[in-house]
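Some notes on the structure that comes next.
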Amino acid sequence: MSKPKRILVTGAAGLVGAEVCARLLKAGHRVSGLVHHTRVLIANSGRGVASSTDGRAGTVRLVTGDVTVPRLGLDDDTWTDLANGLDLIVHSAAITDFGHPREVYQAINTTGTAHVLELARERSTPLVHVSTAYVCGERDGMILESQLDVGQRFGNPYEESKLAAEQLVRKAAAESLPTAVIRPSVVVGAARTGAVRDFKNLYVVLKLLSEGRIGSIPGYFDACVDLVPVDHVAALITAVADDFDRASDRTLHAVGSSVRMRHISDVLAEYPSFHVPRYIAPANFDPAMLSDLERAYWHRVMSLYESYFRRQQHFDDTVAAGFRGPKRLPSGPNHLRRIIDYAVRAGYLGAPLPGVTEALSRVNQR
Ligand SMILES: NC(=O)c1ccc[n+]([C@@H]2O[C@H](COP(=O)([O-])OP(=O)(O)OC[C@H]3O[C@@H](n4cnc5c(N)ncnc54)[C@H](OP(=O)(O)O)[C@@H]3O)[C@@H](O)[C@H]2O)c1
């Protein structure tokens with residue numbers, strides 16, 4: 001590891017932020033965590049991350065603030081203390097769930113980034129900005145780490161707000177602030193165990209599909225979505241924090257394995273009690289043909305994810321590969337099985353009926 005650094009992590013209590021704090025602390029860095037409503041740090045393993053308000057050794061020093069407010073809503077002493085006492089900032093705070101008005105995403109994700117950049121600019125403190133691979137919007141094909149605004153259309157205001165945030169970071173970099181951008185795809189459970197602290201985004205979709213609350217989706221069998229294990233994202237951010245000079249001025253795709261819509265159906269079909277969605281050509285899909293209940297689920301939840309069932313996107317991760325060594329990730333379908341198995345064990349997805357082999361072995365045991 002490089003020399004220990006003094007690092008501020010924003011969004012420190014979040015799924016990614018808490019795991020990053022745990023790893024930076026373990027690597028010997030002095031870590032401060034900007035927290036907002038949630039002031040307890042829980043790593044992805046479910047274990048607490050040692051924290052304190054005075055920043056005693058071996059703990060993350062908690063600082064409560066709000067990125068939507070100038071100077072993060074901190075008093076002058078705390079702001080000056082932070083501005084003068086940091087070697088690196090990891091900006092992970094954001095609103096990540098879908099369905100809010102555009103202004104909410106702009107305030108937290110875009111203006112929030114502007115306020116964090118203000119802190120970085122005070123002493124030209126290097127910044128690692130956590131963005132999303134989906135700043136590419138609905139553009140299909142191979143997405144390069146170097147590409148940003150190519151006139152793409154966005155699937156939702158979250159993607160739009162994160163692109164605007166990256167543009168602010170690029171502008172600051174052009175004005176000589178040292179920056180690196182890390183773009184995770186869809187963050188899911190750990191590579192080996194499938195374990196995840198929070199069931200959100202993809203998990204909500206899997207729940208609605210597996211319970212049969214949504215039976216048909218407007219999309220294509222070969223559309224694909226990239227799933228990245230949370231431990232890989234946190235490891236990449238930690239590696240970049242450790243070796244910032246090499247990452248400076250670069251953008252890294254923190255991506256994992258591609259999963260096609262057909263894999264989602266195939267894997268759900270392996271669980272006897274799970275429902276399997278039908279895919280309907282988008283041009284033929286009309287929410288009016290759904291039952292009242294299904295239509296309500298469609299409008300309130302599934303429609304927010306609609307464009308991901310149509311996309312054909314692949315993410316080049318050449319720059320990221322230089323920071324994480326050889327890639328040892330399960331294939332998309334295997335990883336999907338792993339995360340579903342974990343969600344079943346944790347009780348988030350309904351317990352499946354035993355498979356035929358298991359049922360027969362039970363009969364044979366009698
Ligand atoms: N999760 C994914 O699938 C995914 C995929 C691609 C990129 N990313 C990016 O990765 C980063 C981390 O995501 P995550 O999954 O860890 O999200 P998360 O679990 O929702 O955590 C986000 C954190 O940001 C904090 N936050 C929200 N509003 C804030 C405010 N006004 N001021 C200060 N802090 C605020 C939240 O604190 P409170 O809850 O206390 O408000 C929370 O701790 C984000 O930048 C996200 O865009 C995530």
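Labels for the structure tokens follow display order: chains A, B, ..., residues from 1 in each chain, ligands from 1.
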Determine, using only C-alpha atoms, which residues of range 138-199 of chain A have any atom at most 7 Å from an atom of range 106-126 of chain A, and tabulate each with its shortest atom pair and distance in Å to one decimal place, rows ordered by chain and then rising number, as a tab-separated table.
```
residue	atom	partner	partner_atom	distance
A:Ser161	CA	A:Gln106	CA	5.3
A:Lys162	CA	A:Asn109	CA	6.1
A:Ala164	CA	A:Thr110	CA	6.0
A:Ala165	CA	A:Thr110	CA	4.5
A:Leu168	CA	A:Ala114	CA	6.8
A:Leu177	CA	A:Ser124	CA	5.8
A:Pro178	CA	A:Pro126	CA	4.7
A:Thr179	CA	A:Pro126	CA	5.6
```
Using the selection just defined, write its residues with all heavy atoms as a PDB file, in the first residue's frame.
```pdb
ATOM      1  N   SER A 161     -28.698  13.284 -14.398  1.00  0.00           N
ATOM      2  CA  SER A 161     -28.060  14.059 -13.316  1.00  0.00           C
ATOM      3  C   SER A 161     -26.619  13.603 -13.093  1.00  0.00           C
ATOM      4  O   SER A 161     -25.748  14.393 -12.742  1.00  0.00           O
ATOM      5  CB  SER A 161     -28.854  13.924 -12.011  1.00  0.00           C
ATOM      6  OG  SER A 161     -28.750  12.604 -11.498  1.00  0.00           O
ATOM      7  N   LYS A 162     -26.363  12.301 -13.306  1.00  0.00           N
ATOM      8  CA  LYS A 162     -25.007  11.793 -13.098  1.00  0.00           C
ATOM      9  C   LYS A 162     -24.097  12.233 -14.254  1.00  0.00           C
ATOM     10  O   LYS A 162     -22.912  12.467 -14.051  1.00  0.00           O
ATOM     11  CB  LYS A 162     -25.019  10.259 -12.964  1.00  0.00           C
ATOM     12  CG  LYS A 162     -25.732   9.728 -11.734  1.00  0.00           C
ATOM     13  CD  LYS A 162     -25.040  10.039 -10.415  1.00  0.00           C
ATOM     14  CE  LYS A 162     -23.866   9.176 -10.122  1.00  0.00           C
ATOM     15  NZ  LYS A 162     -23.350   9.384  -8.727  1.00  0.00           N
ATOM     16  N   ALA A 164     -24.460  15.105 -15.849  1.00  0.00           N
ATOM     17  CA  ALA A 164     -24.176  16.518 -15.564  1.00  0.00           C
ATOM     18  C   ALA A 164     -23.106  16.631 -14.468  1.00  0.00           C
ATOM     19  O   ALA A 164     -22.226  17.503 -14.522  1.00  0.00           O
ATOM     20  CB  ALA A 164     -25.461  17.239 -15.155  1.00  0.00           C
ATOM     21  N   ALA A 165     -23.153  15.716 -13.491  1.00  0.00           N
ATOM     22  CA  ALA A 165     -22.145  15.725 -12.417  1.00  0.00           C
ATOM     23  C   ALA A 165     -20.761  15.431 -12.996  1.00  0.00           C
ATOM     24  O   ALA A 165     -19.775  16.099 -12.670  1.00  0.00           O
ATOM     25  CB  ALA A 165     -22.512  14.703 -11.343  1.00  0.00           C
ATOM     26  N   LEU A 168     -19.256  18.375 -14.623  1.00  0.00           N
ATOM     27  CA  LEU A 168     -18.664  19.324 -13.664  1.00  0.00           C
ATOM     28  C   LEU A 168     -17.272  18.858 -13.243  1.00  0.00           C
ATOM     29  O   LEU A 168     -16.341  19.656 -13.087  1.00  0.00           O
ATOM     30  CB  LEU A 168     -19.561  19.457 -12.429  1.00  0.00           C
ATOM     31  CG  LEU A 168     -20.942  20.088 -12.635  1.00  0.00           C
ATOM     32  CD1 LEU A 168     -21.730  20.092 -11.327  1.00  0.00           C
ATOM     33  CD2 LEU A 168     -20.790  21.526 -13.153  1.00  0.00           C
ATOM     34  N   LEU A 177      -7.757  20.518 -11.392  1.00  0.00           N
ATOM     35  CA  LEU A 177      -8.006  19.726 -10.171  1.00  0.00           C
ATOM     36  C   LEU A 177      -7.734  18.254 -10.518  1.00  0.00           C
ATOM     37  O   LEU A 177      -8.266  17.754 -11.515  1.00  0.00           O
ATOM     38  CB  LEU A 177      -9.470  19.889  -9.717  1.00  0.00           C
ATOM     39  CG  LEU A 177      -9.777  19.175  -8.392  1.00  0.00           C
ATOM     40  CD1 LEU A 177      -9.212  19.974  -7.212  1.00  0.00           C
ATOM     41  CD2 LEU A 177     -11.278  18.973  -8.196  1.00  0.00           C
ATOM     42  N   PRO A 178      -6.928  17.558  -9.708  1.00  0.00           N
ATOM     43  CA  PRO A 178      -6.694  16.131 -10.007  1.00  0.00           C
ATOM     44  C   PRO A 178      -7.973  15.317  -9.718  1.00  0.00           C
ATOM     45  O   PRO A 178      -8.502  15.366  -8.605  1.00  0.00           O
ATOM     46  CB  PRO A 178      -5.579  15.732  -9.037  1.00  0.00           C
ATOM     47  CG  PRO A 178      -5.092  17.005  -8.418  1.00  0.00           C
ATOM     48  CD  PRO A 178      -6.174  18.026  -8.535  1.00  0.00           C
ATOM     49  N   THR A 179      -8.467  14.622 -10.708  1.00  0.00           N
ATOM     50  CA  THR A 179      -9.712  13.851 -10.530  1.00  0.00           C
ATOM     51  C   THR A 179      -9.597  12.493 -11.212  1.00  0.00           C
ATOM     52  O   THR A 179      -8.842  12.326 -12.164  1.00  0.00           O
ATOM     53  CB  THR A 179     -10.932  14.566 -11.160  1.00  0.00           C
ATOM     54  OG1 THR A 179     -10.756  14.601 -12.564  1.00  0.00           O
ATOM     55  CG2 THR A 179     -11.130  15.968 -10.633  1.00  0.00           C
TER      56      THR A 179
END
```
Inset, instruction - Extract, using only C-alpha atoms, all DNA, RNA and protein residues at most 6 Å from Ser257 in chain A, discarding same-chain residues fewer than 2 positions from it, and format them as a list in words. - result: Asp226, Leu227, Ser331 and Gly332 of chain A
Preceding selection exported with C-alpha atoms as a PDB file, in the first residue's frame:
```
ATOM      1  CA  ASP A 226     -24.239  -5.454 -16.554  1.00  0.00           C
ATOM      2  CA  LEU A 227     -24.096  -6.634 -12.933  1.00  0.00           C
ATOM      3  CA  SER A 331     -20.359 -15.586 -15.585  1.00  0.00           C
ATOM      4  CA  GLY A 332     -23.527 -13.456 -15.740  1.00  0.00           C
TER       5      GLY A 332
END
```
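When only C-alpha atoms are used to measure the gap to Cys136 in chain A, the shortest distance among A:Arg56, A:Arg61, A:His314, A:Arg39 belongs to A:His314.
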Residues contacting ligand 1 - anything with an atom at most 8 Å away, using only C-alpha atoms and all ligand atoms - can you give me those as a compact mmCIF listing (two decimals) with all heavy atoms, in the first residue's frame?
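Wrote out37.txt, looks like this:
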```
# COMPACT_ATOMS: atom_id res chain seq x y z
N THR A 10 -17.75 10.68 0.96
CA THR A 10 -19.13 11.16 1.09
C THR A 10 -20.06 9.96 0.81
O THR A 10 -19.65 9.00 0.17
CB THR A 10 -19.46 12.29 0.09
OG1 THR A 10 -19.55 11.73 -1.23
CG2 THR A 10 -18.42 13.40 0.12
N GLY A 11 -21.28 10.04 1.34
CA GLY A 11 -22.18 8.88 1.19
C GLY A 11 -21.64 7.69 1.96
O GLY A 11 -21.80 6.53 1.57
N ALA A 12 -20.97 7.98 3.10
CA ALA A 12 -20.22 6.95 3.82
C ALA A 12 -21.10 5.85 4.40
O ALA A 12 -20.62 4.75 4.66
CB ALA A 12 -19.41 7.61 4.94
N ALA A 13 -22.39 6.12 4.60
CA ALA A 13 -23.26 5.08 5.16
C ALA A 13 -23.95 4.27 4.07
O ALA A 13 -24.68 3.33 4.36
CB ALA A 13 -24.31 5.72 6.08
N GLY A 14 -23.71 4.63 2.80
CA GLY A 14 -24.38 3.95 1.69
C GLY A 14 -23.81 2.56 1.44
O GLY A 14 -22.80 2.16 2.05
N LEU A 15 -24.45 1.84 0.53
CA LEU A 15 -24.02 0.47 0.21
C LEU A 15 -22.55 0.45 -0.22
O LEU A 15 -21.75 -0.33 0.30
CB LEU A 15 -24.92 -0.07 -0.93
CG LEU A 15 -24.56 -1.43 -1.50
CD1 LEU A 15 -24.73 -2.52 -0.45
CD2 LEU A 15 -25.42 -1.75 -2.72
N VAL A 16 -22.19 1.31 -1.14
CA VAL A 16 -20.81 1.35 -1.63
C VAL A 16 -19.92 2.09 -0.63
O VAL A 16 -18.84 1.61 -0.27
CB VAL A 16 -20.76 2.06 -3.01
CG1 VAL A 16 -19.33 2.31 -3.46
CG2 VAL A 16 -21.52 1.24 -4.06
N GLY A 17 -20.40 3.25 -0.14
CA GLY A 17 -19.59 4.09 0.74
C GLY A 17 -19.12 3.37 1.99
O GLY A 17 -17.95 3.47 2.37
N ALA A 18 -20.00 2.61 2.64
CA ALA A 18 -19.63 1.95 3.90
C ALA A 18 -18.59 0.86 3.63
O ALA A 18 -17.64 0.68 4.40
CB ALA A 18 -20.87 1.35 4.56
N LEU A 34 -18.59 11.48 5.41
CA LEU A 34 -19.70 12.43 5.44
C LEU A 34 -20.99 11.62 5.46
O LEU A 34 -21.24 10.81 4.56
CB LEU A 34 -19.69 13.34 4.21
CG LEU A 34 -20.72 14.48 4.33
CD1 LEU A 34 -20.16 15.64 5.16
CD2 LEU A 34 -21.14 15.01 2.95
N VAL A 35 -21.77 11.80 6.53
CA VAL A 35 -23.05 11.09 6.64
C VAL A 35 -24.18 12.11 6.63
O VAL A 35 -23.97 13.30 6.90
CB VAL A 35 -23.10 10.20 7.92
CG1 VAL A 35 -22.18 9.01 7.77
CG2 VAL A 35 -22.77 11.01 9.17
N HIS A 36 -25.37 11.61 6.37
CA HIS A 36 -26.53 12.50 6.20
C HIS A 36 -27.58 12.05 7.20
O HIS A 36 -27.42 12.28 8.40
CB HIS A 36 -26.96 12.38 4.73
CG HIS A 36 -28.03 13.30 4.30
ND1 HIS A 36 -29.07 12.91 3.48
CD2 HIS A 36 -28.24 14.63 4.56
CE1 HIS A 36 -29.86 13.94 3.25
NE2 HIS A 36 -29.38 15.00 3.90
N HIS A 37 -28.66 11.35 6.76
CA HIS A 37 -29.66 10.86 7.73
C HIS A 37 -29.14 9.65 8.50
O HIS A 37 -29.28 9.56 9.71
CB HIS A 37 -30.95 10.47 7.01
CG HIS A 37 -31.64 11.63 6.36
ND1 HIS A 37 -31.95 12.78 7.04
CD2 HIS A 37 -32.07 11.82 5.08
CE1 HIS A 37 -32.54 13.63 6.21
NE2 HIS A 37 -32.62 13.07 5.02
N THR A 38 -28.55 8.70 7.78
CA THR A 38 -28.07 7.46 8.42
C THR A 38 -26.66 7.70 8.94
O THR A 38 -25.77 8.08 8.17
CB THR A 38 -28.04 6.30 7.39
OG1 THR A 38 -29.33 6.24 6.78
CG2 THR A 38 -27.72 4.97 8.04
N ARG A 39 -26.48 7.45 10.24
CA ARG A 39 -25.17 7.78 10.84
C ARG A 39 -24.46 6.55 11.39
O ARG A 39 -23.60 6.67 12.26
CB ARG A 39 -25.36 8.82 11.92
CG ARG A 39 -25.77 10.14 11.28
CD ARG A 39 -26.32 11.14 12.22
NE ARG A 39 -26.99 12.18 11.43
CZ ARG A 39 -27.53 13.25 11.94
NH1 ARG A 39 -27.51 13.44 13.24
NH2 ARG A 39 -28.13 14.13 11.16
N THR A 64 -21.40 15.04 9.93
CA THR A 64 -22.76 15.09 9.38
C THR A 64 -22.91 16.31 8.49
O THR A 64 -22.58 17.43 8.91
CB THR A 64 -23.79 15.14 10.54
OG1 THR A 64 -23.60 13.96 11.34
CG2 THR A 64 -25.21 15.14 10.02
N GLY A 65 -23.38 16.11 7.27
CA GLY A 65 -23.54 17.23 6.34
C GLY A 65 -24.52 16.89 5.24
O GLY A 65 -25.05 15.78 5.18
N ASP A 66 -24.75 17.87 4.38
CA ASP A 66 -25.75 17.71 3.32
C ASP A 66 -25.15 18.27 2.03
O ASP A 66 -24.87 19.48 1.95
CB ASP A 66 -27.01 18.49 3.72
CG ASP A 66 -28.13 18.34 2.70
OD1 ASP A 66 -27.86 17.90 1.57
OD2 ASP A 66 -29.28 18.68 3.06
N VAL A 67 -24.95 17.42 1.04
CA VAL A 67 -24.28 17.87 -0.19
C VAL A 67 -25.12 18.87 -0.99
O VAL A 67 -24.58 19.56 -1.85
CB VAL A 67 -23.86 16.69 -1.11
CG1 VAL A 67 -22.83 15.80 -0.44
CG2 VAL A 67 -25.06 15.88 -1.58
N THR A 68 -26.41 18.96 -0.71
CA THR A 68 -27.24 19.90 -1.48
C THR A 68 -27.04 21.35 -1.04
O THR A 68 -27.50 22.28 -1.71
CB THR A 68 -28.76 19.56 -1.35
OG1 THR A 68 -29.16 19.75 0.00
CG2 THR A 68 -29.06 18.16 -1.79
N VAL A 69 -26.35 21.52 0.09
CA VAL A 69 -26.20 22.84 0.69
C VAL A 69 -24.77 23.34 0.45
O VAL A 69 -23.82 22.55 0.55
CB VAL A 69 -26.50 22.75 2.22
CG1 VAL A 69 -26.33 24.09 2.89
CG2 VAL A 69 -27.88 22.18 2.46
N LEU A 72 -21.51 22.16 2.16
CA LEU A 72 -22.05 20.90 2.69
C LEU A 72 -22.83 21.10 3.99
O LEU A 72 -23.03 20.16 4.77
CB LEU A 72 -20.93 19.86 2.90
CG LEU A 72 -19.97 19.66 1.72
CD1 LEU A 72 -18.91 18.61 2.05
CD2 LEU A 72 -20.72 19.25 0.46
N HIS A 91 -16.09 10.81 -3.60
CA HIS A 91 -17.47 11.34 -3.58
C HIS A 91 -18.44 10.25 -4.05
O HIS A 91 -18.58 9.98 -5.25
CB HIS A 91 -17.56 12.57 -4.48
CG HIS A 91 -18.94 13.12 -4.60
ND1 HIS A 91 -19.82 13.16 -3.53
CD2 HIS A 91 -19.62 13.64 -5.66
CE1 HIS A 91 -20.97 13.68 -3.94
NE2 HIS A 91 -20.87 13.97 -5.22
N SER A 92 -19.13 9.67 -3.07
CA SER A 92 -20.04 8.56 -3.38
C SER A 92 -21.49 8.91 -3.05
O SER A 92 -22.40 8.15 -3.38
CB SER A 92 -19.58 7.32 -2.57
OG SER A 92 -20.34 6.20 -2.85
N ALA A 93 -21.73 10.04 -2.38
CA ALA A 93 -23.10 10.40 -2.00
C ALA A 93 -23.94 10.65 -3.24
O ALA A 93 -23.48 11.28 -4.20
CB ALA A 93 -23.10 11.66 -1.13
N ALA A 94 -25.14 10.15 -3.23
CA ALA A 94 -26.06 10.36 -4.37
C ALA A 94 -27.42 9.84 -3.97
O ALA A 94 -27.57 9.13 -2.97
CB ALA A 94 -25.56 9.58 -5.59
N ILE A 95 -28.42 10.19 -4.77
CA ILE A 95 -29.70 9.50 -4.64
C ILE A 95 -29.74 8.50 -5.78
O ILE A 95 -29.49 8.84 -6.94
CB ILE A 95 -30.90 10.47 -4.64
CG1 ILE A 95 -32.18 9.66 -4.43
CG2 ILE A 95 -30.99 11.33 -5.90
CD1 ILE A 95 -33.33 10.49 -3.92
N THR A 96 -29.96 7.23 -5.43
CA THR A 96 -29.81 6.16 -6.44
C THR A 96 -31.13 5.46 -6.76
O THR A 96 -31.19 4.72 -7.74
CB THR A 96 -28.80 5.10 -5.95
OG1 THR A 96 -29.26 4.60 -4.69
CG2 THR A 96 -27.42 5.67 -5.79
N ASP A 97 -32.16 5.64 -5.93
CA ASP A 97 -33.41 4.96 -6.27
C ASP A 97 -34.18 5.79 -7.29
O ASP A 97 -34.01 7.00 -7.39
CB ASP A 97 -34.25 4.61 -5.02
CG ASP A 97 -34.39 5.77 -4.07
OD1 ASP A 97 -33.61 6.73 -4.20
OD2 ASP A 97 -35.29 5.74 -3.21
N ALA A 107 -30.53 18.24 -7.57
CA ALA A 107 -30.05 18.85 -6.31
C ALA A 107 -29.00 17.97 -5.64
O ALA A 107 -27.96 18.47 -5.19
CB ALA A 107 -31.24 19.09 -5.37
N ILE A 108 -29.27 16.67 -5.57
CA ILE A 108 -28.35 15.80 -4.81
C ILE A 108 -27.16 15.37 -5.68
O ILE A 108 -26.01 15.46 -5.27
CB ILE A 108 -29.10 14.56 -4.24
CG1 ILE A 108 -30.22 15.03 -3.31
CG2 ILE A 108 -28.13 13.64 -3.51
CD1 ILE A 108 -31.12 13.92 -2.78
N ASN A 109 -27.45 14.91 -6.89
CA ASN A 109 -26.37 14.31 -7.69
C ASN A 109 -25.52 15.35 -8.43
O ASN A 109 -24.31 15.19 -8.54
CB ASN A 109 -26.95 13.30 -8.68
CG ASN A 109 -27.63 12.14 -7.96
OD1 ASN A 109 -27.51 12.00 -6.75
ND2 ASN A 109 -28.35 11.32 -8.70
N GLY A 112 -24.98 18.64 -5.73
CA GLY A 112 -24.20 18.01 -4.64
C GLY A 112 -22.74 17.83 -5.06
O GLY A 112 -21.82 18.09 -4.28
N HIS A 129 -14.47 10.56 -8.11
CA HIS A 129 -15.92 10.76 -8.24
C HIS A 129 -16.57 9.43 -8.64
O HIS A 129 -16.18 8.81 -9.63
CB HIS A 129 -16.18 11.82 -9.31
CG HIS A 129 -17.62 11.98 -9.64
ND1 HIS A 129 -18.53 12.52 -8.76
CD2 HIS A 129 -18.33 11.64 -10.76
CE1 HIS A 129 -19.74 12.53 -9.33
NE2 HIS A 129 -19.64 12.00 -10.53
N VAL A 130 -17.58 9.01 -7.85
CA VAL A 130 -18.29 7.77 -8.19
C VAL A 130 -19.49 8.13 -9.05
O VAL A 130 -20.42 8.79 -8.59
CB VAL A 130 -18.71 6.99 -6.92
CG1 VAL A 130 -19.33 5.65 -7.33
CG2 VAL A 130 -17.51 6.77 -6.00
N SER A 131 -19.44 7.73 -10.30
CA SER A 131 -20.50 8.04 -11.25
C SER A 131 -21.31 6.77 -11.52
O SER A 131 -21.50 5.94 -10.63
CB SER A 131 -19.86 8.60 -12.53
OG SER A 131 -20.83 8.92 -13.48
N THR A 132 -21.77 6.56 -12.74
CA THR A 132 -22.42 5.31 -13.12
C THR A 132 -22.09 5.00 -14.59
O THR A 132 -21.97 5.94 -15.40
CB THR A 132 -23.96 5.39 -12.97
OG1 THR A 132 -24.54 4.25 -13.62
CG2 THR A 132 -24.57 6.63 -13.57
N ALA A 133 -21.97 3.72 -14.89
CA ALA A 133 -21.73 3.33 -16.29
C ALA A 133 -22.88 3.79 -17.16
O ALA A 133 -22.72 4.01 -18.37
CB ALA A 133 -21.56 1.81 -16.39
N TYR A 134 -24.06 3.98 -16.54
CA TYR A 134 -25.26 4.32 -17.31
C TYR A 134 -25.38 5.82 -17.62
O TYR A 134 -26.43 6.24 -18.11
CB TYR A 134 -26.50 3.72 -16.64
CG TYR A 134 -26.46 2.20 -16.78
CD1 TYR A 134 -26.01 1.39 -15.75
CD2 TYR A 134 -26.76 1.61 -18.00
CE1 TYR A 134 -25.91 0.01 -15.92
CE2 TYR A 134 -26.66 0.24 -18.18
CZ TYR A 134 -26.24 -0.56 -17.13
OH TYR A 134 -26.12 -1.92 -17.33
N LYS A 162 -26.36 12.30 -13.31
CA LYS A 162 -25.01 11.79 -13.10
C LYS A 162 -24.10 12.23 -14.25
O LYS A 162 -22.91 12.47 -14.05
CB LYS A 162 -25.02 10.26 -12.96
CG LYS A 162 -25.73 9.73 -11.73
CD LYS A 162 -25.04 10.04 -10.42
CE LYS A 162 -23.87 9.18 -10.12
NZ LYS A 162 -23.35 9.38 -8.73
N ARG A 183 -17.03 4.42 -12.71
CA ARG A 183 -18.42 4.23 -13.15
C ARG A 183 -18.88 2.79 -12.91
O ARG A 183 -18.67 1.93 -13.78
CB ARG A 183 -18.55 4.50 -14.64
CG ARG A 183 -18.35 5.93 -15.06
CD ARG A 183 -18.58 5.98 -16.56
NE ARG A 183 -18.32 7.27 -17.13
CZ ARG A 183 -17.93 7.45 -18.39
NH1 ARG A 183 -17.78 6.42 -19.20
NH2 ARG A 183 -17.73 8.65 -18.87
N PRO A 184 -19.54 2.51 -11.78
CA PRO A 184 -20.10 1.17 -11.59
C PRO A 184 -21.30 0.96 -12.52
O PRO A 184 -21.98 1.92 -12.90
CB PRO A 184 -20.56 1.15 -10.14
CG PRO A 184 -19.98 2.39 -9.50
CD PRO A 184 -19.76 3.38 -10.62
N SER A 185 -21.58 -0.31 -12.84
CA SER A 185 -22.81 -0.62 -13.59
C SER A 185 -23.92 -0.84 -12.56
O SER A 185 -24.16 0.06 -11.75
CB SER A 185 -22.58 -1.83 -14.51
OG SER A 185 -22.07 -2.93 -13.77
N VAL A 186 -24.61 -1.98 -12.55
CA VAL A 186 -25.65 -2.22 -11.53
C VAL A 186 -24.98 -2.98 -10.39
O VAL A 186 -24.48 -4.10 -10.59
CB VAL A 186 -26.82 -3.05 -12.11
CG1 VAL A 186 -27.85 -3.33 -11.03
CG2 VAL A 186 -27.46 -2.30 -13.29
N VAL A 187 -24.96 -2.37 -9.21
CA VAL A 187 -24.22 -2.96 -8.09
C VAL A 187 -25.11 -4.01 -7.40
O VAL A 187 -26.23 -3.72 -6.98
CB VAL A 187 -23.80 -1.86 -7.09
CG1 VAL A 187 -23.04 -2.47 -5.91
CG2 VAL A 187 -22.95 -0.80 -7.79
N VAL A 188 -24.57 -5.24 -7.32
CA VAL A 188 -25.33 -6.34 -6.70
C VAL A 188 -24.43 -7.08 -5.71
O VAL A 188 -23.33 -6.61 -5.40
CB VAL A 188 -25.88 -7.30 -7.78
CG1 VAL A 188 -26.93 -6.63 -8.66
CG2 VAL A 188 -24.75 -7.87 -8.62
N ASP A 198 -28.19 -4.31 1.03
CA ASP A 198 -29.48 -3.67 0.71
C ASP A 198 -30.07 -4.31 -0.53
O ASP A 198 -29.38 -4.43 -1.54
CB ASP A 198 -29.28 -2.18 0.39
CG ASP A 198 -28.63 -1.41 1.53
OD1 ASP A 198 -28.69 -1.88 2.67
OD2 ASP A 198 -28.05 -0.34 1.25
N LYS A 200 -32.10 -3.50 -3.43
CA LYS A 200 -32.71 -2.37 -4.14
C LYS A 200 -32.53 -2.56 -5.64
O LYS A 200 -31.85 -3.49 -6.08
CB LYS A 200 -32.12 -1.04 -3.65
CG LYS A 200 -30.61 -0.94 -3.76
CD LYS A 200 -30.10 0.37 -3.18
CE LYS A 200 -28.62 0.52 -3.38
NZ LYS A 200 -28.09 1.77 -2.92
N ASN A 201 -33.12 -1.66 -6.42
CA ASN A 201 -33.01 -1.66 -7.88
C ASN A 201 -33.30 -3.04 -8.49
O ASN A 201 -34.42 -3.49 -8.47
CB ASN A 201 -31.64 -1.12 -8.31
CG ASN A 201 -31.45 0.30 -7.79
OD1 ASN A 201 -32.43 1.00 -7.57
ND2 ASN A 201 -30.22 0.72 -7.57
```
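With CA of Val63 in chain A on one side and CA of Asn84 in chain A on the other, the separation reads 15.0 Å.
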As a tab-separated table (two decimals) with C-alpha atoms, in the first residue's frame, please: every residue in range 5-253 of chain A that DSSP puts in strand (DSSP E).
```tsv
chain	number	residue	atom	x	y	z
A	6	ARG	CA	-6.38	11.32	5.02
A	7	ILE	CA	-9.49	10.51	3.01
A	8	LEU	CA	-13.05	11.86	3.14
A	9	VAL	CA	-15.76	9.54	1.82
A	10	THR	CA	-19.13	11.16	1.09
A	30	ARG	CA	-7.27	7.89	8.14
A	31	VAL	CA	-10.88	8.04	7.05
A	32	SER	CA	-13.58	10.64	7.57
A	33	GLY	CA	-17.11	9.85	6.44
A	34	LEU	CA	-19.70	12.43	5.44
A	35	VAL	CA	-23.05	11.09	6.64
A	51	SER	CA	-16.76	5.03	13.78
A	52	SER	CA	-16.56	7.98	16.14
A	60	VAL	CA	-14.03	6.48	10.69
A	61	ARG	CA	-14.55	10.04	11.85
A	62	LEU	CA	-18.20	10.87	11.18
A	63	VAL	CA	-19.08	14.33	9.88
A	64	THR	CA	-22.76	15.09	9.38
A	88	LEU	CA	-8.15	12.71	-1.11
A	89	ILE	CA	-11.95	12.87	-1.40
A	90	VAL	CA	-14.09	9.93	-2.55
A	91	HIS	CA	-17.47	11.34	-3.58
A	127	LEU	CA	-11.16	13.77	-6.04
A	128	VAL	CA	-12.40	10.28	-6.91
A	129	HIS	CA	-15.92	10.76	-8.24
A	130	VAL	CA	-18.29	7.77	-8.19
A	141	GLY	CA	-23.08	-0.91	-28.55
A	142	MET	CA	-19.61	-0.75	-27.01
A	143	ILE	CA	-19.30	2.07	-24.48
A	179	THR	CA	-9.71	13.85	-10.53
A	180	ALA	CA	-10.59	10.26	-11.40
A	181	VAL	CA	-14.05	8.94	-12.25
A	182	ILE	CA	-15.28	5.44	-11.40
A	183	ARG	CA	-18.42	4.23	-13.15
A	184	PRO	CA	-20.10	1.17	-11.59
A	186	VAL	CA	-25.65	-2.22	-11.53
A	187	VAL	CA	-24.22	-2.96	-8.09
A	188	VAL	CA	-25.33	-6.34	-6.70
A	216	SER	CA	-45.03	-9.43	-19.12
A	217	ILE	CA	-42.26	-6.99	-19.94
A	218	PRO	CA	-41.78	-4.87	-23.04
A	224	CYS	CA	-28.44	-7.10	-21.58
A	225	VAL	CA	-27.61	-5.43	-18.32
A	226	ASP	CA	-24.24	-5.45	-16.55
A	227	LEU	CA	-24.10	-6.63	-12.93
A	228	VAL	CA	-21.07	-5.82	-10.80
A	229	PRO	CA	-20.44	-7.29	-7.34
A	251	THR	CA	-12.31	7.22	-16.12
A	252	LEU	CA	-12.74	3.60	-15.09
A	253	HIS	CA	-15.71	1.33	-15.77
```
